[in-house]
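> File upload-v4.csv follows (CSV, C-alpha atoms):
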chain,number,residue,atom,x,y,z
A,251,MET,CA,-9.1,22.7,11.6
A,252,THR,CA,-8.6,19.8,9.1
A,253,ALA,CA,-5.1,18.4,9.5
A,254,LEU,CA,-3.0,15.6,8.0
A,255,ASP,CA,-1.8,13.6,11.0
A,256,ALA,CA,0.2,11.2,8.8
A,257,VAL,CA,0.7,10.2,5.2
A,258,SER,CA,1.9,6.9,3.7
A,259,VAL,CA,2.6,6.3,0.1
A,260,TYR,CA,3.2,3.1,-1.9
A,261,THR,CA,4.9,3.3,-5.2
A,262,PRO,CA,5.8,0.0,-7.0
A,263,ALA,CA,9.4,-0.7,-7.6
A,264,PHE,CA,8.5,-2.1,-11.1
A,265,ARG,CA,9.0,0.6,-13.7
A,266,VAL,CA,8.6,0.5,-17.5
A,267,PRO,CA,10.4,2.8,-19.9
A,268,ILE,CA,8.0,4.8,-22.0
A,269,GLU,CA,9.4,3.3,-25.2
A,270,ASP,CA,8.1,-0.1,-24.0
A,271,LEU,CA,4.6,1.4,-23.9
A,272,ALA,CA,4.5,2.3,-27.5
A,273,ASP,CA,3.1,-0.9,-28.9
A,274,PRO,CA,0.5,-1.6,-26.2
A,275,LEU,CA,-0.7,2.0,-26.3
A,276,GLY,CA,-0.4,2.4,-30.1
A,277,LEU,CA,2.0,5.3,-29.8
A,278,THR,CA,4.2,6.4,-32.7
A,279,ASP,CA,7.9,7.2,-32.4
A,280,ILE,CA,7.1,10.9,-32.6
A,281,GLN,CA,4.6,10.6,-29.8
A,282,VAL,CA,7.1,8.8,-27.6
A,283,ARG,CA,9.7,11.4,-28.2
A,284,LEU,CA,7.2,14.1,-27.4
A,285,PHE,CA,6.5,12.5,-24.0
A,286,ARG,CA,10.2,12.1,-23.2
A,287,ARG,CA,11.7,15.3,-24.6
A,288,PHE,CA,8.9,17.8,-24.2
A,289,HIS,CA,6.8,16.5,-21.3
A,290,GLY,CA,9.7,15.2,-19.3
A,291,LEU,CA,8.4,11.6,-18.8
A,292,ASP,CA,11.0,8.8,-18.6
A,293,GLN,CA,9.3,5.7,-17.1
A,294,VAL,CA,6.0,4.7,-15.5
A,295,ARG,CA,5.4,2.7,-12.4
A,296,PHE,CA,3.1,-0.4,-12.3
A,297,ALA,CA,2.2,-3.0,-9.8
A,298,PRO,CA,1.3,-5.9,-12.1
A,299,ASP,CA,0.9,-8.5,-9.3
A,300,ARG,CA,-1.3,-6.4,-7.1
A,301,THR,CA,-5.1,-6.1,-7.2
A,302,PRO,CA,-6.8,-2.8,-6.5
A,303,ALA,CA,-7.4,-3.8,-2.9
A,304,GLU,CA,-3.8,-4.9,-2.5
A,305,LEU,CA,-2.6,-1.6,-3.9
A,306,LEU,CA,-4.7,0.3,-1.3
A,307,ARG,CA,-3.7,-2.0,1.5
A,308,ALA,CA,0.0,-1.6,0.7
A,309,ALA,CA,-0.3,2.2,1.4
A,310,ALA,CA,-2.4,1.8,4.5
A,311,GLU,CA,-0.1,-0.8,6.0
A,312,GLY,CA,2.7,1.7,5.8
A,313,LEU,CA,0.7,4.1,8.0
A,314,ASP,CA,2.4,3.4,11.4
A,315,GLU,CA,0.3,6.1,13.1
A,316,LEU,CA,-2.9,4.1,12.4
A,317,ARG,CA,-1.9,1.1,14.5
A,318,GLY,CA,-3.6,1.1,17.9
A,319,ARG,CA,-6.0,3.9,16.8
A,320,GLU,CA,-8.2,1.9,14.5
A,321,HIS,CA,-11.1,2.3,16.9
A,322,ARG,CA,-11.0,6.1,16.4
A,323,VAL,CA,-11.4,5.9,12.7
A,324,ARG,CA,-15.0,6.9,11.9
A,325,TYR,CA,-14.7,7.5,8.1
A,326,VAL,CA,-12.8,5.8,5.3
A,327,ILE,CA,-12.9,7.7,2.0
A,328,HIS,CA,-11.4,6.5,-1.3
A,329,GLY,CA,-10.6,9.4,-3.6
A,330,ARG,CA,-10.6,7.8,-7.1
A,331,ALA,CA,-10.4,9.1,-10.7
A,332,MET,CA,-12.2,6.2,-12.3
A,333,PRO,CA,-15.9,5.6,-11.7
A,334,VAL,CA,-15.6,1.8,-12.0
A,335,VAL,CA,-12.5,-0.2,-11.2
A,336,VAL,CA,-13.7,-3.8,-10.5
A,337,PRO,CA,-16.7,-5.8,-11.6
A,338,TYR,CA,-19.8,-6.1,-9.4
A,339,PRO,CA,-20.1,-7.3,-6.6
A,340,HIS,CA,-16.4,-6.9,-5.6
A,341,ASN,CA,-15.6,-3.8,-3.5
A,342,PRO,CA,-11.9,-3.3,-2.8
A,343,LEU,CA,-12.5,-0.5,-0.3
A,344,HIS,CA,-14.6,-2.7,1.9
A,345,ASP,CA,-12.1,-5.5,1.6
A,346,VAL,CA,-9.3,-3.2,2.8
A,347,CYS,CA,-11.4,-2.0,5.7
A,348,ARG,CA,-12.0,-5.5,6.9
A,349,ARG,CA,-8.3,-6.4,6.6
A,350,LEU,CA,-7.3,-3.3,8.5
A,351,GLY,CA,-9.9,-3.7,11.3
A,352,LEU,CA,-12.0,-0.8,10.1
A,353,GLY,CA,-15.2,-2.7,9.4
A,354,HIS,CA,-17.0,-0.4,11.9
A,355,ALA,CA,-16.2,2.8,9.9
A,356,LEU,CA,-18.4,4.5,7.4
A,357,ALA,CA,-16.7,3.8,4.1
A,358,PHE,CA,-17.4,5.3,0.7
A,359,THR,CA,-15.8,6.5,-2.6
A,360,VAL,CA,-15.8,9.9,-4.3
A,361,THR,CA,-15.0,9.9,-8.0
A,362,HIS,CA,-16.8,12.7,-9.8
A,363,GLN,CA,-13.8,15.1,-9.8
A,364,SER,CA,-11.6,12.6,-11.6
A,365,CYS,CA,-7.9,13.1,-10.6
A,366,ALA,CA,-9.0,16.0,-8.2
A,367,SER,CA,-11.1,13.6,-6.2
A,368,GLY,CA,-8.2,13.0,-3.7
A,369,LEU,CA,-8.3,16.6,-2.5
A,370,LEU,CA,-12.1,16.5,-2.4
A,371,ALA,CA,-11.8,13.4,-0.1
A,372,VAL,CA,-9.5,15.3,2.3
A,373,GLU,CA,-11.8,18.3,2.4
A,374,LEU,CA,-14.8,16.1,2.9
A,375,ALA,CA,-13.1,14.1,5.7
A,376,GLY,CA,-12.5,17.4,7.5
A,377,ARG,CA,-16.1,18.4,7.2
A,378,LEU,CA,-17.3,15.1,8.5
A,379,LEU,CA,-14.9,15.2,11.4
A,380,ALA,CA,-15.9,18.8,12.2
A,381,GLY,CA,-19.5,17.6,12.6
A,382,ASP,CA,-18.7,14.5,14.6
A,383,PRO,CA,-19.5,14.6,18.3
A,384,ASP,CA,-16.3,12.7,19.1
A,385,GLU,CA,-13.4,15.2,19.2
A,386,ASP,CA,-10.9,12.3,18.9
A,387,ALA,CA,-12.5,10.9,15.7
A,388,LEU,CA,-10.2,10.3,12.7
A,389,ALA,CA,-10.7,9.7,9.0
A,390,LEU,CA,-8.6,7.6,6.7
A,391,VAL,CA,-8.3,8.9,3.1
A,392,LEU,CA,-7.1,6.4,0.5
A,393,THR,CA,-6.1,7.0,-3.1
A,394,GLY,CA,-4.9,4.5,-5.7
A,395,GLU,CA,-6.2,2.5,-8.7
A,396,LYS,CA,-5.0,0.4,-11.5
A,397,ALA,CA,-4.2,1.6,-15.0
A,398,PHE,CA,-6.1,-1.3,-16.4
A,399,THR,CA,-7.1,-0.2,-19.9
A,400,ARG,CA,-5.6,1.9,-22.7
A,401,HIS,CA,-8.0,4.7,-21.8
A,402,ALA,CA,-6.8,4.5,-18.1
A,403,ARG,CA,-3.1,4.5,-19.1
A,404,LEU,CA,-3.0,7.3,-21.7
A,405,LEU,CA,-3.9,11.0,-21.7
A,406,PRO,CA,-3.2,11.6,-25.4
A,407,GLY,CA,-0.5,14.2,-26.1
A,408,THR,CA,-0.3,15.1,-22.4
A,409,SER,CA,0.6,12.3,-20.0
A,410,LEU,CA,0.9,8.6,-19.2
A,411,PHE,CA,-0.7,7.1,-16.1
A,412,GLY,CA,1.1,4.8,-13.6
A,413,GLU,CA,0.0,3.0,-10.5
A,414,GLY,CA,0.6,3.9,-6.8
A,415,ALA,CA,-1.5,4.5,-3.7
A,416,SER,CA,-1.6,6.7,-0.6
A,417,ALA,CA,-3.1,6.6,2.8
A,418,CYS,CA,-3.7,9.8,4.9
A,419,LEU,CA,-4.8,9.9,8.5
A,420,VAL,CA,-7.0,13.0,8.9
A,421,SER,CA,-8.0,14.7,12.1
A,422,ALA,CA,-10.1,17.8,13.0
A,423,ASN,CA,-7.6,19.3,15.4
A,424,GLY,CA,-4.1,18.0,14.5
A,425,PRO,CA,-1.1,20.2,15.2
A,426,ARG,CA,0.7,19.9,11.9
A,427,ASP,CA,-0.1,20.1,8.1
A,428,ARG,CA,-3.2,22.1,8.8
A,429,MET,CA,-5.4,22.9,5.9
A,430,LEU,CA,-5.9,26.7,5.6
A,431,SER,CA,-8.0,26.8,2.4
A,432,PHE,CA,-9.6,24.8,-0.4
A,433,VAL,CA,-10.8,26.1,-3.7
A,434,CYS,CA,-12.5,24.0,-6.3
A,435,ALA,CA,-13.8,25.2,-9.7
A,436,GLN,CA,-15.9,22.8,-11.8
A,437,ARG,CA,-16.4,23.4,-15.5
A,438,GLY,CA,-19.4,21.3,-16.7
A,439,GLU,CA,-19.1,22.4,-20.3
A,440,PHE,CA,-16.1,20.0,-20.6
A,441,ASP,CA,-18.0,16.9,-19.7
A,442,GLY,CA,-17.4,13.7,-21.5
A,443,GLU,CA,-15.3,13.6,-24.7
A,444,PHE,CA,-14.3,17.2,-25.4
A,445,GLY,CA,-14.7,16.8,-29.2
A,446,ASP,CA,-14.6,20.2,-30.8
A,447,ARG,CA,-14.1,21.8,-27.3
A,448,GLU,CA,-10.6,20.3,-26.9
A,449,ASP,CA,-8.8,23.4,-28.1
A,450,GLU,CA,-10.9,25.5,-25.8
A,451,PHE,CA,-10.1,23.3,-22.8
A,452,GLN,CA,-6.4,23.6,-23.6
A,453,ARG,CA,-6.7,27.4,-23.7
A,454,GLN,CA,-8.6,27.5,-20.4
A,455,TYR,CA,-6.4,25.0,-18.6
A,456,ARG,CA,-3.6,27.2,-17.3
A,457,PRO,CA,-5.6,30.3,-16.6
A,458,SER,CA,-8.3,28.3,-14.8
A,459,LEU,CA,-5.7,26.5,-12.6
A,460,ALA,CA,-3.9,29.8,-12.0
A,461,GLU,CA,-7.2,31.3,-10.8
A,462,VAL,CA,-8.0,28.6,-8.2
A,463,ILE,CA,-4.4,28.7,-7.0
A,464,THR,CA,-4.6,32.5,-6.5
A,465,ARG,CA,-8.0,32.2,-4.8
A,466,ALA,CA,-6.7,29.5,-2.4
A,467,VAL,CA,-3.7,31.5,-1.5
A,468,THR,CA,-5.8,34.6,-0.8
A,469,ASP,CA,-8.4,32.6,1.2
A,470,ALA,CA,-5.5,31.4,3.4
A,471,GLY,CA,-4.6,35.0,4.1
A,472,LEU,CA,-1.4,34.8,2.2
A,473,VAL,CA,0.3,36.1,-1.0
A,474,LEU,CA,1.8,33.8,-3.6
A,475,ASP,CA,5.4,34.6,-2.4
A,476,ASP,CA,4.5,33.1,1.0
A,477,ILE,CA,4.2,29.6,-0.6
A,478,ARG,CA,7.3,27.7,0.1
A,479,LEU,CA,6.5,24.8,-2.2
A,480,VAL,CA,3.9,23.7,-4.7
A,481,LEU,CA,3.0,20.0,-4.8
A,482,PRO,CA,1.6,19.5,-8.3
A,483,HIS,CA,-0.3,16.8,-10.1
A,484,ASN,CA,2.3,15.0,-12.2
A,485,VAL,CA,0.7,15.4,-15.6
A,486,ASN,CA,4.0,16.6,-17.2
A,487,VAL,CA,6.8,19.1,-16.7
A,488,VAL,CA,6.0,21.6,-19.4
A,489,THR,CA,2.5,22.4,-18.1
A,490,TRP,CA,4.0,23.6,-14.8
A,491,GLN,CA,6.8,25.5,-16.5
A,492,ARG,CA,4.2,27.4,-18.5
A,493,LEU,CA,1.9,27.9,-15.5
A,494,CYS,CA,4.8,29.3,-13.5
A,495,SER,CA,5.6,31.7,-16.3
A,496,LEU,CA,2.0,32.8,-16.4
A,497,MET,CA,1.9,33.4,-12.6
A,498,ASP,CA,5.4,34.7,-12.3
A,499,PHE,CA,6.2,32.0,-9.7
A,500,PRO,CA,9.6,30.3,-9.6
A,501,VAL,CA,9.4,26.9,-11.1
A,502,ARG,CA,12.2,25.7,-8.8
A,503,ARG,CA,9.6,25.9,-6.0
A,504,VAL,CA,7.4,23.3,-7.8
A,505,LEU,CA,8.3,19.7,-6.9
A,506,LEU,CA,8.6,18.1,-10.3
A,507,SER,CA,11.2,15.4,-9.6
A,508,ASN,CA,8.6,12.6,-9.5
A,509,VAL,CA,7.3,13.3,-13.0
A,510,PRO,CA,10.0,11.4,-14.9
A,511,ASP,CA,10.0,8.4,-12.5
A,512,ASN,CA,6.4,7.8,-11.7
A,513,GLY,CA,4.1,9.0,-14.5
A,514,HIS,CA,0.8,10.5,-13.5
A,515,LEU,CA,-0.5,8.5,-10.5
A,516,PHE,CA,-4.2,9.6,-10.7
A,517,CYS,CA,-5.2,11.0,-7.3
A,518,THR,CA,-2.0,9.9,-5.6
A,519,ASP,CA,0.4,12.5,-7.1
A,520,ALA,CA,-0.2,15.1,-4.4
A,521,PHE,CA,0.6,12.7,-1.5
A,522,ALA,CA,3.5,11.1,-3.3
A,523,ASN,CA,5.0,14.6,-3.7
A,524,TYR,CA,4.3,15.3,-0.1
A,525,ARG,CA,6.3,12.3,1.0
A,526,THR,CA,9.2,13.3,-1.3
A,527,ALA,CA,9.1,16.8,0.1
A,528,ARG,CA,9.4,15.4,3.6
A,529,GLU,CA,12.2,13.0,2.6
A,530,LEU,CA,14.2,15.8,1.0
A,531,ASP,CA,13.6,18.1,3.9
A,532,LEU,CA,12.0,20.7,1.6
A,533,LEU,CA,9.4,21.8,4.3
A,534,ARG,CA,10.2,23.3,7.6
A,535,GLU,CA,7.9,23.9,10.6
A,536,GLY,CA,5.6,26.8,9.8
A,537,ASP,CA,6.1,26.7,6.0
A,538,HIS,CA,3.1,27.2,3.8
A,539,TYR,CA,2.7,24.9,0.8
A,540,LEU,CA,0.1,24.4,-1.9
A,541,VAL,CA,-1.3,21.3,-3.5
A,542,ALA,CA,-2.9,21.8,-7.0
A,543,THR,CA,-4.5,19.4,-9.4
A,544,VAL,CA,-6.9,19.1,-12.3
A,545,GLY,CA,-9.4,16.4,-13.0
A,546,ALA,CA,-10.9,15.8,-16.5
A,547,GLY,CA,-13.7,13.4,-16.9
A,548,ALA,CA,-17.1,14.4,-15.5
A,549,GLY,CA,-16.4,17.9,-16.7
A,550,ALA,CA,-13.2,19.6,-15.7
A,551,THR,CA,-12.3,20.3,-12.1
A,552,PHE,CA,-9.5,22.7,-11.0
A,553,SER,CA,-8.6,22.4,-7.3
A,554,ALA,CA,-6.0,24.0,-5.0
A,555,MET,CA,-5.4,23.5,-1.3
A,556,VAL,CA,-3.1,25.4,1.1
A,557,PHE,CA,-1.5,23.9,4.2
A,558,GLN,CA,0.8,25.0,6.9
A,559,HIS,CA,3.4,22.4,7.8
I'd like the structure from this file rewritten - as structure tokens, please.


Amino acid sequence: MTALDAVSVYTPAFRVPIEDLADPLGLTDIQVRLFRRFHGLDQVRFAPDRTPAELLRAAAEGLDELRGREHRVRYVIHGRAMPVVVPYPHNPLHDVCRRLGLGHALAFTVTHQSCASGLLAVELAGRLLAGDPDEDALALVLTGEKAFTRHARLLPGTSLFGEGASACLVSANGPRDRMLSFVCAQRGEFDGEFGDREDEFQRQYRPSLAEVITRAVTDAGLVLDDIRLVLPHNVNVVTWQRLCSLMDFPVRRVLLSNVPDNGHLFCTDAFANYRTARELDLLREGDHYLVATVGAGAGATFSAMVFQH
């Protein structure tokens, strides 16, 4: 059974108030107030002095459980929202593998589910390990990228992107944080710029996410009330308030404390929220929790994953 043996997260100390992003992103005063008062955003994290490779390495180097086990890592998967992050022929993933002593591992990137690619990477790591003849084999899942253009920093009317990274050590038979289910629904009709389908996407957003959450809980053999905590993508606060109202789920059981301080960290949100849950002692042994995210880019992807802590 796919399990998270360890999770490390790097979030930069440097934070920018959202008002300071108005000029570089071309935001009006009304748009800034909308982000702050309605969506619950306060500041956004950036790592201006770190390259994409250095961002990933900062997360991986915090993974103490990796040290001395590098030889067991067969796969390194980078779950990434952006299809292109550096000019050819640079490859930050391979640079990180060499620095970490993982040059022997099969390393590749998944991007086509946008901000949901991090969960896809975990599920794919589990499938690769399940088929590996070495029962002690491990996979390293990395997330993290730079908000390097206006398009990469702004989701108009919805969220602001920040920078951070995570590193997850995945096994096929770990004793804790075991994945019980994974549900992914892809909507190809929302590919590219939505154009006149933007209103339809907004109408479908919450019902579609609610559907995959419900299916993931059912596939795990649970009911929604069994879920101790939801680890969301940090797109904004109001989306989750409305989703909880739709699903009749207590919003207090959705970890939203990172939204004001981080911004939306692409594929890293789920893992940053996991670390916060551990630090705040919000998960006890045996608790069930759910991770949910939406990726919009190559179509729309709605994903949910249930774990037992």

> May I ask which of the residues A:Arg319, A:Ala417, A:Met251, A:Gly407 is the closest one to Ile280 (chain A), counting all atoms listed in the file?

A:Gly407

> Name the closest residue to Phe411 (chain A) among the candidates A:Glu439, A:Glu311, A:Asp537, A:Asp511; distances are taken between atoms, counting all atoms listed in the file.

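Of the candidates, the smallest distance to Phe411 (chain A) is held by A:Asp511.
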
> Measuring between only C-alpha atoms, which one of A:Val504, A:Pro406, A:Arg525, A:Ser416 shows the shortest distance to Thr278 (chain A)?

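Comparing A:Val504, A:Pro406, A:Arg525, A:Ser416 against Thr278 (chain A), the winner is A:Pro406.
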
> Pick out the residues sitting within 7 Å of region 253-261 of chain A, and hand them over as a PyMOL selection string; count only C-alpha atoms, and ignore anything fewer than 5 positions along from it in its own chain.

chain A and resi 308-310+312-313+315+414-424+426-429+521-522

> Which residue out of A:Ala263, A:Ile268, A:Leu506, A:Val391 has the minimum interatomic distance to Asp292 (chain A) when only C-alpha atoms are used?

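Checking each of A:Ala263, A:Ile268, A:Leu506, A:Val391 against Asp292 (chain A), counting only C-alpha atoms, the winner is A:Ile268.
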
> For Leu356 (chain A), find every residue with an atom within 7 Å (counting all atoms listed in the file), except residues of its own chain fewer than 4 positions away, and show them as an MDAnalysis selection string.

chainID A and resid 324:326

> Determine the nearest neighbour of Asp386 (chain A) from the options A:Cys517, A:Val323, A:Val467, A:Leu410, counting only C-alpha atoms.

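Among the listed residues, the smallest separation from Asp386 (chain A) belongs to A:Val323.
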
> So the first atom is CA of Phe296 (chain A) and the second is CA of Val487 (chain A); what is the distance between them in Å, to one decimal place?

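Going from CA of Phe296 (chain A) over to CA of Val487 (chain A), I get 20.3 Å.
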
> Which one of A:Leu390, A:Val346, A:Ala397, A:Ala470 sits closest to Gly376 (chain A) if you count only C-alpha atoms?

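Closest candidate: A:Leu390.
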
> Residues at most 8 Å from region 367-372 of chain A, counting all atoms listed in the file, excluding those fewer than 5 positions away in the same chain, as a ChimeraX atom specification?

/A:327-331,360-362,391-393,420,517-518,545,553,555

> Which residues are close to Leu378 (chain A), i.e. within 9 Å by only C-alpha atoms, leaving aside same-chain residues fewer than 3 positions away? Reply as a VMD selection string.

chain A and resid 325 373 to 375 381 to 382 389 422

> Suppose you want the space between CA of Ile477 (chain A) and CA of Tyr455 (chain A); what is it in Å?

21.4 Å

> Work out how far CA of Leu284 (chain A) is from CA of Ala297 (chain A), in Å to one decimal.

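Rounded to one decimal, the two atoms are 25.0 Å apart.
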
> So that I can see what lies close to Gln452 (chain A), please list as a list in words the residues with an atom at most 12 Å from it, counting only C-alpha atoms and leaving out residues fewer than 4 positions away in the same chain.

Gly407, Thr408, Phe440, Phe444, Asp446, Arg447, Glu448, Arg456, Pro457, Ser458, Leu459, Thr489, Ala546 and Ala550 of chain A

> Could you take the residues named above and write them with C-alpha atoms, as a JSON list (two decimals), in the frame of the given file?


[["chain", "number", "residue", "atom", "x", "y", "z"],
["A", 407, "GLY", "CA", -0.50, 14.20, -26.10],
["A", 408, "THR", "CA", -0.30, 15.10, -22.40],
["A", 440, "PHE", "CA", -16.10, 20.00, -20.60],
["A", 444, "PHE", "CA", -14.30, 17.20, -25.40],
["A", 446, "ASP", "CA", -14.60, 20.20, -30.80],
["A", 447, "ARG", "CA", -14.10, 21.80, -27.30],
["A", 448, "GLU", "CA", -10.60, 20.30, -26.90],
["A", 456, "ARG", "CA", -3.60, 27.20, -17.30],
["A", 457, "PRO", "CA", -5.60, 30.30, -16.60],
["A", 458, "SER", "CA", -8.30, 28.30, -14.80],
["A", 459, "LEU", "CA", -5.70, 26.50, -12.60],
["A", 489, "THR", "CA", 2.50, 22.40, -18.10],
["A", 546, "ALA", "CA", -10.90, 15.80, -16.50],
["A", 550, "ALA", "CA", -13.20, 19.60, -15.70]]

> Pull the neighbourhood of (5.5, 26.1, -3.3) for me: all residues within 6 Å in file coordinates, counting only C-alpha atoms, as a ChimeraX atom specification.

/A:477-480,503-504,539-540

> Kindly provide, as a PDB file with C-alpha atoms, in the coordinates of the input, the polymer residues lying within 7 Å of (-3.4, 24.4, -2.7), counting only C-alpha atoms and using the coordinates exactly as they appear in the file.


ATOM      1  CA  PHE A 432      -9.600  24.800  -0.400  1.00  0.00           C
ATOM      2  CA  ILE A 463      -4.400  28.700  -7.000  1.00  0.00           C
ATOM      3  CA  ALA A 466      -6.700  29.500  -2.400  1.00  0.00           C
ATOM      4  CA  LEU A 540       0.100  24.400  -1.900  1.00  0.00           C
ATOM      5  CA  VAL A 541      -1.300  21.300  -3.500  1.00  0.00           C
ATOM      6  CA  ALA A 542      -2.900  21.800  -7.000  1.00  0.00           C
ATOM      7  CA  ALA A 554      -6.000  24.000  -5.000  1.00  0.00           C
ATOM      8  CA  MET A 555      -5.400  23.500  -1.300  1.00  0.00           C
ATOM      9  CA  VAL A 556      -3.100  25.400   1.100  1.00  0.00           C
TER      10      VAL A 556
END

> Rebuild region 500-512 of chain A so that it carries N, CA and C atoms, then output the result as a compact mmCIF listing (two decimals), in the coordinates of the input.


# COMPACT_ATOMS: atom_id res chain seq x y z
N PRO A 500 8.41 31.06 -9.23
CA PRO A 500 9.60 30.30 -9.60
C PRO A 500 9.35 28.81 -9.74
N VAL A 501 9.67 28.27 -10.89
CA VAL A 501 9.40 26.90 -11.10
C VAL A 501 10.24 25.97 -10.23
N ARG A 502 11.34 26.49 -9.70
CA ARG A 502 12.20 25.70 -8.80
C ARG A 502 11.43 25.39 -7.49
N ARG A 503 10.34 26.12 -7.20
CA ARG A 503 9.60 25.90 -6.00
C ARG A 503 8.35 24.97 -6.28
N VAL A 504 8.35 24.33 -7.43
CA VAL A 504 7.40 23.30 -7.80
C VAL A 504 8.07 21.97 -7.78
N LEU A 505 7.59 21.00 -7.01
CA LEU A 505 8.30 19.70 -6.90
C LEU A 505 7.92 18.85 -8.12
N LEU A 506 8.84 18.79 -9.08
CA LEU A 506 8.60 18.10 -10.30
C LEU A 506 9.46 16.83 -10.48
N SER A 507 10.21 16.47 -9.43
CA SER A 507 11.20 15.40 -9.60
C SER A 507 10.50 14.01 -9.72
N ASN A 508 9.22 13.88 -9.36
CA ASN A 508 8.60 12.60 -9.50
C ASN A 508 7.95 12.36 -10.87
N VAL A 509 7.87 13.41 -11.69
CA VAL A 509 7.30 13.30 -13.00
C VAL A 509 8.02 12.24 -13.87
N PRO A 510 9.34 12.33 -14.00
CA PRO A 510 10.00 11.40 -14.90
C PRO A 510 9.96 9.93 -14.40
N ASP A 511 9.93 9.71 -13.08
CA ASP A 511 10.00 8.40 -12.50
C ASP A 511 8.73 7.66 -12.28
N ASN A 512 7.64 8.40 -12.10
CA ASN A 512 6.40 7.80 -11.70
C ASN A 512 5.33 7.75 -12.79
